[in-house]
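J.: My questions all concern the structure below.
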Amino acid sequence: MNTDLIFDNTEIAFSLKSDSELERAYFLFKMISIEPLVKIGTAATNFAIKAHLPIEGLIRSTVFDHFCGGVNEEDCLPVIEKVYSKGVSSVLDYSVEGKANEKEFDSARNMIVKIIAFAKDNDAIPIAVFKPTAFGRSYLYKKLGKSEVLTTEEQDEWSRVVQRFDDVCVKAKKYDVAVLIDAEESWTQDAADELVTDLMAKYNTEKAIVFNTLQMYRHDRQAFLEEEHKKAKEGNYFLGYKLVRGAYMEKENDRAEEKGYASPICESKFATDQNFNNSLHYIMNNLDCISLFAGTHNEDSSYLLMRLMNEKGLENNDSRIWFGQLYGMSDHISFNLAHKGYNVAKYMPFGPVRDVMPYLIRRAEENTSVAGQTGRELALLTKEKKRRKHL
């Protein structure tokens, strides 16, 4: 199998985009590439939303429609069907953030259960996802992570958090829909890890249904993976892991400095890349027990995984291995992989425009700060615009 430079094919990458959608994508990434503009735009958008100015229509027709599937799950269906026509599945991601009371936690749980039920009859949606702090206060995770004793009231509250996780996983198992549990900051992650390990032992009895997330910019995650693998072998259950590089680097480093402890983050981008690729190797050598969702926009890691699959004589669509990218980004990876028959899913955020804005702002800021990412998107879009002009 020749994996050389398949990601350079812009005709396949942007085959679903009309000329006007291509222009809009180019315009958006051009704006995102200008850091002061992102800062001003972020502040202005936050102000406009808080002041209830009528800007939702503008946001919806530009940045929202590029990075999100819709305002609710039904609204996402045309987009889901469109990308699935090219072999790319969707992970519906209810991207409403910053909720903090029991009613909102229950509402988030109900939404994920609804998505799983919605997905069970739709091959285009094989996977659901949620964040631990969507189901409970980060304060509780933090306290448990430090091994502090919960008050009676807090214990009751934590029991409800555990119940919400269980409600989702029992449905996922019943309907055979995998569920990815996203990662949090390191100070809330320990309690989440413990809870997800218990759920894997309970529900991953025949195969991986429940997946945890490993942020590989943390230098301790490879050791954690190996330890969890030991437990799974002893307990006779399967593991599912989504591998990502990570999402909270500045916050992690700032907090470590402020509180005077060693940062959990790798010392360099190179070390993070090594960590990510080492865990890819480890999982591929233990596929009998561990399933993989490789959440990456990195071409080298994607090529590495393709090569490892090839060396092991695996089918491109081996059910234990998924590639994943965010909707609105890295189409050159997603659609070219799908064209070659690999399992590929786009994380497709949805929710009311107002509620999804924190997610969209983070996307813009990440694109500005990740070296080369926006430039790469612009170069590919430019290449495709030129190709179409010469048809």
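Scheme for the structure tokens: letters A, B, ... for chains in order shown; per-chain residue numbers from 1; ligand numbers from 1 in order shown.
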Contacts between range 147-162 of chain A and range 43-119 of chain A, please, where a residue of range 43-119 of chain A counts if it comes within 10 Å (with only C-alpha atoms); show its shortest atom pair and distance in Å to one decimal, rows by chain and ascending number, as JSON lines.
T.:
{"residue": "A:Glu102", "atom": "CA", "partner": "A:Glu157", "partner_atom": "CA", "distance": 8.6}
{"residue": "A:Phe105", "atom": "CA", "partner": "A:Val161", "partner_atom": "CA", "distance": 8.3}
{"residue": "A:Asp106", "atom": "CA", "partner": "A:Val161", "partner_atom": "CA", "distance": 9.1}
{"residue": "A:Arg109", "atom": "CA", "partner": "A:Val161", "partner_atom": "CA", "distance": 9.6}
J.: Could you write out the selected residues, including C-alpha atoms, as a PDB file, in the first residue's frame?
T.:
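Generated file (part.pdb):
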ATOM      1  CA  GLU A 102     -27.917  19.699  38.992  1.00  0.00           C
ATOM      2  CA  PHE A 105     -26.127  18.234  34.567  1.00  0.00           C
ATOM      3  CA  ASP A 106     -29.300  16.132  34.232  1.00  0.00           C
ATOM      4  CA  ARG A 109     -27.097  13.491  30.546  1.00  0.00           C
TER       5      ARG A 109
END
J.: Give me the residues within 9 Å of Ser268 in chain A as a list in words, counting only C-alpha atoms and dropping any in the same chain fewer than 4 places off.
T.: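 With the cut-off at 9 Å, the set is Tyr217, Thr272 and Asp273 of chain A.
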J.: The selected residues should be written to file as a PDB file, in the first residue's frame (atoms: N, CA and C atoms).
T.:
ATOM      1  N   TYR A 217       0.151  15.235  25.640  1.00  0.00           N
ATOM      2  CA  TYR A 217       1.109  16.271  26.050  1.00  0.00           C
ATOM      3  C   TYR A 217       1.435  16.128  27.532  1.00  0.00           C
ATOM      4  N   THR A 272       6.034  15.701  23.034  1.00  0.00           N
ATOM      5  CA  THR A 272       4.603  15.368  22.931  1.00  0.00           C
ATOM      6  C   THR A 272       4.355  14.461  21.730  1.00  0.00           C
ATOM      7  N   ASP A 273       4.952  14.805  20.596  1.00  0.00           N
ATOM      8  CA  ASP A 273       4.788  13.989  19.390  1.00  0.00           C
ATOM      9  C   ASP A 273       5.310  12.573  19.614  1.00  0.00           C
TER      10      ASP A 273
END
J.: What's around Glu23 in chain A at 10 Å? Count only C-alpha atoms, leave out sequence neighbours fewer than 5 positions away in its own chain, and write the answer as a VMD selection string.
T.: chain A and resid 17 to 18 28 381 to 382 385
J.: Please produce an output containing N, CA and C atoms for each residue in the selection, written as a compact mmCIF listing (two decimals), in the first residue's frame.
T.:
# COMPACT_ATOMS: atom_id res chain seq x y z
N LYS A 17 -17.40 20.82 -0.89
CA LYS A 17 -17.53 22.28 -0.78
C LYS A 17 -17.82 22.92 -2.14
N SER A 18 -18.87 23.73 -2.16
CA SER A 18 -19.13 24.53 -3.35
C SER A 18 -18.06 25.63 -3.43
N LEU A 28 -12.47 32.72 6.46
CA LEU A 28 -12.43 32.45 7.91
C LEU A 28 -11.01 32.18 8.40
N LEU A 381 -6.54 25.29 0.76
CA LEU A 381 -7.70 25.97 0.14
C LEU A 381 -7.26 26.74 -1.11
N THR A 382 -6.11 27.38 -1.03
CA THR A 382 -5.58 28.12 -2.18
C THR A 382 -5.30 27.16 -3.35
N LYS A 385 -8.60 26.16 -4.89
CA LYS A 385 -9.17 27.27 -5.68
C LYS A 385 -8.48 27.36 -7.04
J.: Please report, as a ChimeraX atom specification, each residue of range 68-113 of chain A to which DSSP assigns strand (DSSP E or B) when run on this structure's backbone.
T.: /A:70,88-94
J.: Generate the output file for the selected residues, C-alpha atoms, as a PDB file, in the first residue's frame.
T.:
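Wrote again35.pdb, looks like this:
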ATOM      1  CA  GLY A  70     -26.398  22.739  13.654  1.00  0.00           C
ATOM      2  CA  VAL A  88     -16.917  10.069   6.862  1.00  0.00           C
ATOM      3  CA  SER A  89     -18.940   9.339  10.026  1.00  0.00           C
ATOM      4  CA  SER A  90     -19.933  11.895  12.682  1.00  0.00           C
ATOM      5  CA  VAL A  91     -19.484  12.120  16.431  1.00  0.00           C
ATOM      6  CA  LEU A  92     -22.251  14.416  17.634  1.00  0.00           C
ATOM      7  CA  ASP A  93     -20.721  16.666  20.263  1.00  0.00           C
ATOM      8  CA  TYR A  94     -23.147  18.677  22.397  1.00  0.00           C
TER       9      TYR A  94
END
J.: Taking 4 positions as the minimum chain separation for residues in the same chain, which residues sit within 12 Å of Ala117 in chain A when counting only C-alpha atoms? Answer as a list in words.
T.: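 So, after excluding close chain neighbours, the residues are Glu73, Asn110, Met111, Ile112, Val113, Asp121, Asn122, Ile125, Pro126, Ile127, Ala128, Val168, Cys169, Val170, Lys171, Ala172, Lys173, Lys174, Tyr175, Asp176, Val177 and Ala178 of chain A.
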J.: Name the closest residue to Leu77 in chain A among the candidates A:Lys340, A:Phe350, A:Tyr203, A:Leu380; distances are taken between atoms, counting only C-alpha atoms.
T.: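 For Leu77 in chain A, the nearest of the candidates is A:Phe350.
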